[in-house]
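J.: Dropping the structure in here first, questions after.
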Amino acid sequence: MPLISLAAGMAIGVVLAREIGREKARRAKRLKPEAAVFLLCDVQEKFRGIIDRMPHVIATAQAMLKCADKMGIPVVVTEQYPKFFQATVAELDVSKATVFAKTRFSMCTDEVVACLRAHGRRSVVLFGVEAHVCVQQTALDLLELGYEVHVVADGVSSQRAPDRATALQRIQVAGAVVTSAESVFFELLRSKEAPAFKDVSKIAKELAEAVVALGDSRLL
């Protein structure tokens with residue numbers, strides 16, 4: 001069999017290196033404002049007194065919504081059976097979001113999936129409650145649908161801390177990125193030259209101060 005020429009071999013090597021680089025980039029799952037959508041899962045009034053460290057979850061959700069507004073990122077909100085669990089907590093302004101009621105645990109109802117497809121964005125940033133039920137099932141469904149999923153660790157919780165911890169482990173093993181609110185903010189910005197840098201930096205600072213004021217400076 002004829003030997004491959006040195007030039008041909010080098011060309012093949014360049015192509016393979018390029019493809020490997022592209023594959024690594026895909027695996028990196030980097031957030032970009034133009035490709036991201038935020039999902040707020042079931043942060044409702046009835047859960048206020050039963051979810052572990054709920055004030056921290058609400059503070060994080062507030063910051064995430066403010067960031068979305070400043071960076072032009074669409075927000076999709078669900079409310080689990082609001083007739084019983086009531087509406088999203090009053091501290092969260094969802095007036096600019098698309099809000100859906102649901103009875104299934106996952107956020108991925110037909111209506112929500114259609115909304116996501118209409119936005120045409122493939123990176124989902126997910127936060128809310130409960131981590132081991134609705135958040136986990138949403139993350140798994142989104143992964144199956146081919147979305148890149150980023151779960152905000154300081155923006156999710158459950159009634160019991162071990163359930164939250166187990167859920168985050170399972171979500172990460174399944175292929176989602178477990179991250180933090182501040183990490184999301186600055187990954188979306190990328191540079192201090194970003195137009196929203198001043199506003200989003202202020203949001204990050206306010207979140208940190210709010211968490212300290214709650215006496216809870218740890219990541220959830």
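Letters A, B, ... mark the chains of the structure tokens in the order given; residue numbers begin at 1 per chain; ligand numbers begin at 1, in order shown.
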Write out as a list in words which residues come within 9 Å of Gln137 (chain A) when counting only C-alpha atoms, dropping same-chain ones fewer than 2 positions away.

T.: Phe105, Ser106, Met107, Cys108, Ala131, His132, Val133, Cys134, Val135, Ala139, Leu140, Asp141, Leu142 and Ile171 of chain A

J.: Residues at most 10 Å from Arg121 (chain A), counting only C-alpha atoms, excluding those fewer than 4 positions away in the same chain, as an NGL selection string?

T.: :A and (32-37 or 73-74 or 116-117 or 147-148)

J.: Env of Val151 (chain A): 7 Å cut, atoms = only C-alpha atoms, seq-sep filter 4 positions within chain, self excluded. Answer as a list of chain:residue names.

T.: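 Neighbouring residues, sequence-local ones excluded: A:Val125, A:Leu126, A:Phe127, A:Val177, A:Val178, A:Thr179.
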
J.: Generate a file of the selected residues that holds N, CA and C atoms, formatted as a PDB file, in the first residue's frame.

T.:
ATOM      1  N   VAL A 125     -30.066  28.190  31.905  1.00  0.00           N
ATOM      2  CA  VAL A 125     -29.603  28.411  33.269  1.00  0.00           C
ATOM      3  C   VAL A 125     -30.805  28.196  34.184  1.00  0.00           C
ATOM      4  N   LEU A 126     -30.701  27.204  35.061  1.00  0.00           N
ATOM      5  CA  LEU A 126     -31.850  26.710  35.820  1.00  0.00           C
ATOM      6  C   LEU A 126     -31.666  26.956  37.322  1.00  0.00           C
ATOM      7  N   PHE A 127     -32.720  27.455  37.967  1.00  0.00           N
ATOM      8  CA  PHE A 127     -32.692  27.666  39.417  1.00  0.00           C
ATOM      9  C   PHE A 127     -34.121  27.589  39.949  1.00  0.00           C
ATOM     10  N   VAL A 177     -23.937  21.347  34.021  1.00  0.00           N
ATOM     11  CA  VAL A 177     -22.919  22.117  34.720  1.00  0.00           C
ATOM     12  C   VAL A 177     -23.530  22.629  36.019  1.00  0.00           C
ATOM     13  N   VAL A 178     -22.887  22.338  37.135  1.00  0.00           N
ATOM     14  CA  VAL A 178     -23.316  22.906  38.413  1.00  0.00           C
ATOM     15  C   VAL A 178     -22.435  24.119  38.681  1.00  0.00           C
ATOM     16  N   THR A 179     -23.063  25.268  38.827  1.00  0.00           N
ATOM     17  CA  THR A 179     -22.329  26.522  38.892  1.00  0.00           C
ATOM     18  C   THR A 179     -22.896  27.393  40.007  1.00  0.00           C
TER      19      THR A 179
END

J.: Can you tell me which residues surround Val112 (chain A) at a distance of at most 10 Å, considering only C-alpha atoms, apart from same-chain residues fewer than 4 positions away, and format the answer as a PDB file with N, CA, C and O atoms, in the first residue's frame?

T.:
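New file around-v5.pdb:
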ATOM      1  N   LEU A  39     -34.324  29.791  33.433  1.00  0.00           N
ATOM      2  CA  LEU A  39     -35.526  29.093  33.872  1.00  0.00           C
ATOM      3  C   LEU A  39     -35.653  29.164  35.390  1.00  0.00           C
ATOM      4  O   LEU A  39     -34.764  28.692  36.105  1.00  0.00           O
ATOM      5  N   VAL A  76     -38.049  32.214  31.574  1.00  0.00           N
ATOM      6  CA  VAL A  76     -39.252  31.382  31.597  1.00  0.00           C
ATOM      7  C   VAL A  76     -39.475  30.943  33.038  1.00  0.00           C
ATOM      8  O   VAL A  76     -38.552  30.474  33.698  1.00  0.00           O
ATOM      9  N   VAL A  77     -40.692  31.114  33.526  1.00  0.00           N
ATOM     10  CA  VAL A  77     -41.036  30.809  34.914  1.00  0.00           C
ATOM     11  C   VAL A  77     -42.148  29.774  34.937  1.00  0.00           C
ATOM     12  O   VAL A  77     -43.096  29.860  34.144  1.00  0.00           O
ATOM     13  N   THR A  78     -42.049  28.816  35.856  1.00  0.00           N
ATOM     14  CA  THR A  78     -43.177  27.922  36.072  1.00  0.00           C
ATOM     15  C   THR A  78     -43.669  28.035  37.505  1.00  0.00           C
ATOM     16  O   THR A  78     -42.923  28.396  38.414  1.00  0.00           O
ATOM     17  N   THR A  98     -41.994  34.958  30.862  1.00  0.00           N
ATOM     18  CA  THR A  98     -43.123  34.162  30.386  1.00  0.00           C
ATOM     19  C   THR A  98     -43.418  33.137  31.463  1.00  0.00           C
ATOM     20  O   THR A  98     -42.545  32.344  31.822  1.00  0.00           O
ATOM     21  N   VAL A  99     -44.638  33.172  32.003  1.00  0.00           N
ATOM     22  CA  VAL A  99     -44.994  32.354  33.156  1.00  0.00           C
ATOM     23  C   VAL A  99     -45.991  31.277  32.745  1.00  0.00           C
ATOM     24  O   VAL A  99     -46.990  31.558  32.080  1.00  0.00           O
ATOM     25  N   PHE A 100     -45.702  30.040  33.170  1.00  0.00           N
ATOM     26  CA  PHE A 100     -46.572  28.909  32.870  1.00  0.00           C
ATOM     27  C   PHE A 100     -46.975  28.200  34.162  1.00  0.00           C
ATOM     28  O   PHE A 100     -46.127  27.956  35.024  1.00  0.00           O
ATOM     29  N   ALA A 101     -48.236  27.845  34.272  1.00  0.00           N
ATOM     30  CA  ALA A 101     -48.681  26.953  35.342  1.00  0.00           C
ATOM     31  C   ALA A 101     -48.455  25.521  34.878  1.00  0.00           C
ATOM     32  O   ALA A 101     -48.454  25.225  33.682  1.00  0.00           O
ATOM     33  N   LYS A 102     -48.229  24.622  35.844  1.00  0.00           N
ATOM     34  CA  LYS A 102     -48.008  23.223  35.495  1.00  0.00           C
ATOM     35  C   LYS A 102     -48.486  22.321  36.619  1.00  0.00           C
ATOM     36  O   LYS A 102     -48.671  22.771  37.759  1.00  0.00           O
ATOM     37  N   MET A 107     -40.325  21.105  34.499  1.00  0.00           N
ATOM     38  CA  MET A 107     -40.756  22.314  33.806  1.00  0.00           C
ATOM     39  C   MET A 107     -41.030  22.058  32.329  1.00  0.00           C
ATOM     40  O   MET A 107     -41.659  22.892  31.663  1.00  0.00           O
ATOM     41  N   CYS A 108     -40.570  20.937  31.815  1.00  0.00           N
ATOM     42  CA  CYS A 108     -40.631  20.688  30.379  1.00  0.00           C
ATOM     43  C   CYS A 108     -42.005  20.202  29.924  1.00  0.00           C
ATOM     44  O   CYS A 108     -42.168  19.104  29.374  1.00  0.00           O
ATOM     45  N   LEU A 116     -39.268  27.511  24.596  1.00  0.00           N
ATOM     46  CA  LEU A 116     -37.813  27.424  24.458  1.00  0.00           C
ATOM     47  C   LEU A 116     -37.400  27.330  22.994  1.00  0.00           C
ATOM     48  O   LEU A 116     -36.452  27.987  22.553  1.00  0.00           O
ATOM     49  N   ARG A 117     -38.117  26.520  22.250  1.00  0.00           N
ATOM     50  CA  ARG A 117     -37.794  26.382  20.824  1.00  0.00           C
ATOM     51  C   ARG A 117     -37.999  27.693  20.083  1.00  0.00           C
ATOM     52  O   ARG A 117     -37.224  28.036  19.179  1.00  0.00           O
ATOM     53  N   ALA A 118     -39.029  28.442  20.467  1.00  0.00           N
ATOM     54  CA  ALA A 118     -39.283  29.736  19.829  1.00  0.00           C
ATOM     55  C   ALA A 118     -38.150  30.719  20.106  1.00  0.00           C
ATOM     56  O   ALA A 118     -37.797  31.531  19.243  1.00  0.00           O
TER      57      ALA A 118
END

J.: So the first atom is CA of Val149 (chain A) and the second is CA of Ala97 (chain A); what is the distance between them in Å, to one decimal place?

T.: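 Those two atoms sit 19.0 Å apart.
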
J.: What are the DSSP alpha helix (DSSP H) residues of region 19-170 of chain A, as a PDB file with N, CA and C atoms, in the first residue's frame?

T.:
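Here's the written file out17.pdb:
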ATOM      1  N   GLU A  19     -10.780  19.487  14.793  1.00  0.00           N
ATOM      2  CA  GLU A  19     -12.006  18.831  15.248  1.00  0.00           C
ATOM      3  C   GLU A  19     -11.974  18.545  16.746  1.00  0.00           C
ATOM      4  N   ILE A  20     -10.800  18.160  17.245  1.00  0.00           N
ATOM      5  CA  ILE A  20     -10.660  17.926  18.690  1.00  0.00           C
ATOM      6  C   ILE A  20     -10.895  19.224  19.452  1.00  0.00           C
ATOM      7  N   GLY A  21     -10.353  20.321  18.923  1.00  0.00           N
ATOM      8  CA  GLY A  21     -10.559  21.622  19.557  1.00  0.00           C
ATOM      9  C   GLY A  21     -12.022  22.016  19.577  1.00  0.00           C
ATOM     10  N   ARG A  22     -12.718  21.752  18.472  1.00  0.00           N
ATOM     11  CA  ARG A  22     -14.143  22.068  18.411  1.00  0.00           C
ATOM     12  C   ARG A  22     -14.931  21.223  19.399  1.00  0.00           C
ATOM     13  N   GLU A  23     -14.563  19.945  19.506  1.00  0.00           N
ATOM     14  CA  GLU A  23     -15.253  19.056  20.437  1.00  0.00           C
ATOM     15  C   GLU A  23     -15.028  19.503  21.875  1.00  0.00           C
ATOM     16  N   LYS A  24     -13.800  19.919  22.201  1.00  0.00           N
ATOM     17  CA  LYS A  24     -13.528  20.424  23.542  1.00  0.00           C
ATOM     18  C   LYS A  24     -14.341  21.675  23.820  1.00  0.00           C
ATOM     19  N   ALA A  25     -14.474  22.543  22.809  1.00  0.00           N
ATOM     20  CA  ALA A  25     -15.265  23.758  22.977  1.00  0.00           C
ATOM     21  C   ALA A  25     -16.722  23.424  23.250  1.00  0.00           C
ATOM     22  N   ARG A  26     -17.221  22.400  22.526  1.00  0.00           N
ATOM     23  CA  ARG A  26     -18.608  21.990  22.759  1.00  0.00           C
ATOM     24  C   ARG A  26     -18.770  21.461  24.175  1.00  0.00           C
ATOM     25  N   ARG A  27     -17.800  20.679  24.640  1.00  0.00           N
ATOM     26  CA  ARG A  27     -17.874  20.117  25.983  1.00  0.00           C
ATOM     27  C   ARG A  27     -17.769  21.186  27.056  1.00  0.00           C
ATOM     28  N   ALA A  28     -17.093  22.285  26.745  1.00  0.00           N
ATOM     29  CA  ALA A  28     -16.889  23.331  27.737  1.00  0.00           C
ATOM     30  C   ALA A  28     -18.195  23.980  28.165  1.00  0.00           C
ATOM     31  N   MET A  54     -34.724  29.001  52.277  1.00  0.00           N
ATOM     32  CA  MET A  54     -35.507  29.637  51.210  1.00  0.00           C
ATOM     33  C   MET A  54     -35.146  31.105  50.998  1.00  0.00           C
ATOM     34  N   PRO A  55     -34.871  31.906  52.037  1.00  0.00           N
ATOM     35  CA  PRO A  55     -34.485  33.308  51.787  1.00  0.00           C
ATOM     36  C   PRO A  55     -33.251  33.434  50.886  1.00  0.00           C
ATOM     37  N   HIS A  56     -32.308  32.508  51.019  1.00  0.00           N
ATOM     38  CA  HIS A  56     -31.118  32.505  50.164  1.00  0.00           C
ATOM     39  C   HIS A  56     -31.513  32.224  48.719  1.00  0.00           C
ATOM     40  N   VAL A  57     -32.396  31.251  48.517  1.00  0.00           N
ATOM     41  CA  VAL A  57     -32.876  30.922  47.171  1.00  0.00           C
ATOM     42  C   VAL A  57     -33.560  32.133  46.545  1.00  0.00           C
ATOM     43  N   ILE A  58     -34.394  32.821  47.324  1.00  0.00           N
ATOM     44  CA  ILE A  58     -35.109  33.985  46.804  1.00  0.00           C
ATOM     45  C   ILE A  58     -34.134  35.107  46.453  1.00  0.00           C
ATOM     46  N   ALA A  59     -33.151  35.344  47.305  1.00  0.00           N
ATOM     47  CA  ALA A  59     -32.158  36.386  47.029  1.00  0.00           C
ATOM     48  C   ALA A  59     -31.397  36.090  45.742  1.00  0.00           C
ATOM     49  N   THR A  60     -31.030  34.837  45.561  1.00  0.00           N
ATOM     50  CA  THR A  60     -30.324  34.446  44.337  1.00  0.00           C
ATOM     51  C   THR A  60     -31.218  34.614  43.122  1.00  0.00           C
ATOM     52  N   ALA A  61     -32.470  34.185  43.237  1.00  0.00           N
ATOM     53  CA  ALA A  61     -33.401  34.321  42.122  1.00  0.00           C
ATOM     54  C   ALA A  61     -33.616  35.785  41.754  1.00  0.00           C
ATOM     55  N   GLN A  62     -33.709  36.651  42.755  1.00  0.00           N
ATOM     56  CA  GLN A  62     -33.824  38.092  42.487  1.00  0.00           C
ATOM     57  C   GLN A  62     -32.647  38.579  41.640  1.00  0.00           C
ATOM     58  N   ALA A  63     -31.460  38.187  42.045  1.00  0.00           N
ATOM     59  CA  ALA A  63     -30.260  38.607  41.324  1.00  0.00           C
ATOM     60  C   ALA A  63     -30.238  38.055  39.903  1.00  0.00           C
ATOM     61  N   MET A  64     -30.641  36.815  39.739  1.00  0.00           N
ATOM     62  CA  MET A  64     -30.666  36.207  38.407  1.00  0.00           C
ATOM     63  C   MET A  64     -31.643  36.949  37.492  1.00  0.00           C
ATOM     64  N   LEU A  65     -32.803  37.304  38.019  1.00  0.00           N
ATOM     65  CA  LEU A  65     -33.790  38.019  37.211  1.00  0.00           C
ATOM     66  C   LEU A  65     -33.283  39.403  36.825  1.00  0.00           C
ATOM     67  N   LYS A  66     -32.611  40.070  37.750  1.00  0.00           N
ATOM     68  CA  LYS A  66     -32.036  41.393  37.450  1.00  0.00           C
ATOM     69  C   LYS A  66     -30.962  41.279  36.367  1.00  0.00           C
ATOM     70  N   CYS A  67     -30.132  40.262  36.482  1.00  0.00           N
ATOM     71  CA  CYS A  67     -29.086  40.035  35.473  1.00  0.00           C
ATOM     72  C   CYS A  67     -29.705  39.799  34.102  1.00  0.00           C
ATOM     73  N   ALA A  68     -30.728  38.959  34.056  1.00  0.00           N
ATOM     74  CA  ALA A  68     -31.400  38.675  32.788  1.00  0.00           C
ATOM     75  C   ALA A  68     -31.938  39.951  32.159  1.00  0.00           C
ATOM     76  N   ASP A  69     -32.512  40.818  32.977  1.00  0.00           N
ATOM     77  CA  ASP A  69     -33.071  42.067  32.483  1.00  0.00           C
ATOM     78  C   ASP A  69     -31.975  42.965  31.905  1.00  0.00           C
ATOM     79  N   LYS A  70     -30.861  43.082  32.617  1.00  0.00           N
ATOM     80  CA  LYS A  70     -29.773  43.955  32.162  1.00  0.00           C
ATOM     81  C   LYS A  70     -29.087  43.426  30.908  1.00  0.00           C
ATOM     82  N   MET A  71     -29.093  42.097  30.728  1.00  0.00           N
ATOM     83  CA  MET A  71     -28.364  41.510  29.604  1.00  0.00           C
ATOM     84  C   MET A  71     -29.273  41.030  28.474  1.00  0.00           C
ATOM     85  N   PRO A  82     -50.571  26.334  40.900  1.00  0.00           N
ATOM     86  CA  PRO A  82     -50.695  27.580  41.674  1.00  0.00           C
ATOM     87  C   PRO A  82     -52.008  27.717  42.441  1.00  0.00           C
ATOM     88  N   LYS A  83     -53.015  26.969  42.045  1.00  0.00           N
ATOM     89  CA  LYS A  83     -54.284  27.008  42.789  1.00  0.00           C
ATOM     90  C   LYS A  83     -54.057  26.611  44.249  1.00  0.00           C
ATOM     91  N   PHE A  84     -53.089  25.727  44.482  1.00  0.00           N
ATOM     92  CA  PHE A  84     -52.780  25.316  45.849  1.00  0.00           C
ATOM     93  C   PHE A  84     -51.498  25.956  46.367  1.00  0.00           C
ATOM     94  N   PHE A  85     -50.429  25.903  45.556  1.00  0.00           N
ATOM     95  CA  PHE A  85     -49.126  26.397  46.014  1.00  0.00           C
ATOM     96  C   PHE A  85     -48.958  27.911  45.851  1.00  0.00           C
ATOM     97  N   ASP A 110     -45.290  20.724  27.364  1.00  0.00           N
ATOM     98  CA  ASP A 110     -45.319  21.019  25.930  1.00  0.00           C
ATOM     99  C   ASP A 110     -45.223  22.521  25.687  1.00  0.00           C
ATOM    100  N   GLU A 111     -45.902  23.301  26.538  1.00  0.00           N
ATOM    101  CA  GLU A 111     -45.910  24.756  26.353  1.00  0.00           C
ATOM    102  C   GLU A 111     -44.531  25.359  26.609  1.00  0.00           C
ATOM    103  N   VAL A 112     -43.854  24.881  27.645  1.00  0.00           N
ATOM    104  CA  VAL A 112     -42.526  25.417  27.960  1.00  0.00           C
ATOM    105  C   VAL A 112     -41.525  25.023  26.874  1.00  0.00           C
ATOM    106  N   VAL A 113     -41.577  23.776  26.435  1.00  0.00           N
ATOM    107  CA  VAL A 113     -40.660  23.334  25.382  1.00  0.00           C
ATOM    108  C   VAL A 113     -40.885  24.142  24.105  1.00  0.00           C
ATOM    109  N   ALA A 114     -42.142  24.401  23.766  1.00  0.00           N
ATOM    110  CA  ALA A 114     -42.435  25.213  22.584  1.00  0.00           C
ATOM    111  C   ALA A 114     -41.884  26.627  22.748  1.00  0.00           C
ATOM    112  N   CYS A 115     -41.990  27.172  23.957  1.00  0.00           N
ATOM    113  CA  CYS A 115     -41.452  28.507  24.233  1.00  0.00           C
ATOM    114  C   CYS A 115     -39.930  28.528  24.070  1.00  0.00           C
ATOM    115  N   LEU A 116     -39.268  27.511  24.596  1.00  0.00           N
ATOM    116  CA  LEU A 116     -37.813  27.424  24.458  1.00  0.00           C
ATOM    117  C   LEU A 116     -37.400  27.330  22.994  1.00  0.00           C
ATOM    118  N   ARG A 117     -38.117  26.520  22.250  1.00  0.00           N
ATOM    119  CA  ARG A 117     -37.794  26.382  20.824  1.00  0.00           C
ATOM    120  C   ARG A 117     -37.999  27.693  20.083  1.00  0.00           C
ATOM    121  N   ALA A 118     -39.029  28.442  20.467  1.00  0.00           N
ATOM    122  CA  ALA A 118     -39.283  29.736  19.829  1.00  0.00           C
ATOM    123  C   ALA A 118     -38.150  30.719  20.106  1.00  0.00           C
ATOM    124  N   HIS A 119     -37.569  30.647  21.290  1.00  0.00           N
ATOM    125  CA  HIS A 119     -36.431  31.518  21.617  1.00  0.00           C
ATOM    126  C   HIS A 119     -35.189  31.125  20.822  1.00  0.00           C
ATOM    127  N   GLN A 136     -34.398  18.746  39.323  1.00  0.00           N
ATOM    128  CA  GLN A 136     -33.690  17.580  38.784  1.00  0.00           C
ATOM    129  C   GLN A 136     -34.382  17.036  37.543  1.00  0.00           C
ATOM    130  N   GLN A 137     -35.683  16.861  37.606  1.00  0.00           N
ATOM    131  CA  GLN A 137     -36.389  16.308  36.454  1.00  0.00           C
ATOM    132  C   GLN A 137     -36.335  17.249  35.253  1.00  0.00           C
ATOM    133  N   THR A 138     -36.369  18.553  35.521  1.00  0.00           N
ATOM    134  CA  THR A 138     -36.232  19.532  34.435  1.00  0.00           C
ATOM    135  C   THR A 138     -34.861  19.424  33.789  1.00  0.00           C
ATOM    136  N   ALA A 139     -33.819  19.363  34.596  1.00  0.00           N
ATOM    137  CA  ALA A 139     -32.458  19.260  34.067  1.00  0.00           C
ATOM    138  C   ALA A 139     -32.297  18.008  33.211  1.00  0.00           C
ATOM    139  N   LEU A 140     -32.797  16.872  33.694  1.00  0.00           N
ATOM    140  CA  LEU A 140     -32.667  15.625  32.947  1.00  0.00           C
ATOM    141  C   LEU A 140     -33.442  15.682  31.643  1.00  0.00           C
ATOM    142  N   ASP A 141     -34.641  16.255  31.680  1.00  0.00           N
ATOM    143  CA  ASP A 141     -35.434  16.378  30.453  1.00  0.00           C
ATOM    144  C   ASP A 141     -34.748  17.288  29.442  1.00  0.00           C
ATOM    145  N   LEU A 142     -34.202  18.404  29.913  1.00  0.00           N
ATOM    146  CA  LEU A 142     -33.526  19.331  29.007  1.00  0.00           C
ATOM    147  C   LEU A 142     -32.295  18.699  28.375  1.00  0.00           C
ATOM    148  N   LEU A 143     -31.548  17.937  29.155  1.00  0.00           N
ATOM    149  CA  LEU A 143     -30.388  17.233  28.604  1.00  0.00           C
ATOM    150  C   LEU A 143     -30.818  16.256  27.514  1.00  0.00           C
ATOM    151  N   GLU A 144     -31.903  15.549  27.756  1.00  0.00           N
ATOM    152  CA  GLU A 144     -32.407  14.607  26.745  1.00  0.00           C
ATOM    153  C   GLU A 144     -32.841  15.339  25.476  1.00  0.00           C
ATOM    154  N   ALA A 161     -31.617  19.119  53.286  1.00  0.00           N
ATOM    155  CA  ALA A 161     -30.312  19.368  52.667  1.00  0.00           C
ATOM    156  C   ALA A 161     -29.733  18.140  51.955  1.00  0.00           C
ATOM    157  N   PRO A 162     -29.841  16.930  52.514  1.00  0.00           N
ATOM    158  CA  PRO A 162     -29.288  15.768  51.803  1.00  0.00           C
ATOM    159  C   PRO A 162     -29.939  15.525  50.440  1.00  0.00           C
ATOM    160  N   ASP A 163     -31.239  15.823  50.322  1.00  0.00           N
ATOM    161  CA  ASP A 163     -31.908  15.667  49.029  1.00  0.00           C
ATOM    162  C   ASP A 163     -31.322  16.607  47.988  1.00  0.00           C
ATOM    163  N   ARG A 164     -31.034  17.839  48.402  1.00  0.00           N
ATOM    164  CA  ARG A 164     -30.425  18.814  47.495  1.00  0.00           C
ATOM    165  C   ARG A 164     -29.042  18.351  47.049  1.00  0.00           C
ATOM    166  N   ALA A 165     -28.240  17.909  48.000  1.00  0.00           N
ATOM    167  CA  ALA A 165     -26.877  17.475  47.686  1.00  0.00           C
ATOM    168  C   ALA A 165     -26.881  16.300  46.713  1.00  0.00           C
ATOM    169  N   THR A 166     -27.756  15.343  46.954  1.00  0.00           N
ATOM    170  CA  THR A 166     -27.848  14.170  46.081  1.00  0.00           C
ATOM    171  C   THR A 166     -28.315  14.571  44.686  1.00  0.00           C
ATOM    172  N   ALA A 167     -29.257  15.486  44.628  1.00  0.00           N
ATOM    173  CA  ALA A 167     -29.764  15.939  43.331  1.00  0.00           C
ATOM    174  C   ALA A 167     -28.672  16.612  42.506  1.00  0.00           C
ATOM    175  N   LEU A 168     -27.886  17.486  43.138  1.00  0.00           N
ATOM    176  CA  LEU A 168     -26.822  18.164  42.401  1.00  0.00           C
ATOM    177  C   LEU A 168     -25.787  17.173  41.881  1.00  0.00           C
ATOM    178  N   GLN A 169     -25.499  16.146  42.666  1.00  0.00           N
ATOM    179  CA  GLN A 169     -24.574  15.112  42.199  1.00  0.00           C
ATOM    180  C   GLN A 169     -25.127  14.396  40.980  1.00  0.00           C
ATOM    181  N   ARG A 170     -26.396  14.008  41.050  1.00  0.00           N
ATOM    182  CA  ARG A 170     -26.987  13.281  39.926  1.00  0.00           C
ATOM    183  C   ARG A 170     -27.054  14.155  38.682  1.00  0.00           C
TER     184      ARG A 170
END

J.: I'd like to know which residues of region 34-192 of chain A are strand (DSSP E) (by DSSP, run on the backbone); could you write them as an MDAnalysis selection string?

T.: chainID A and resid 36:41 75:80 98:102 123:129 148:157 177:179
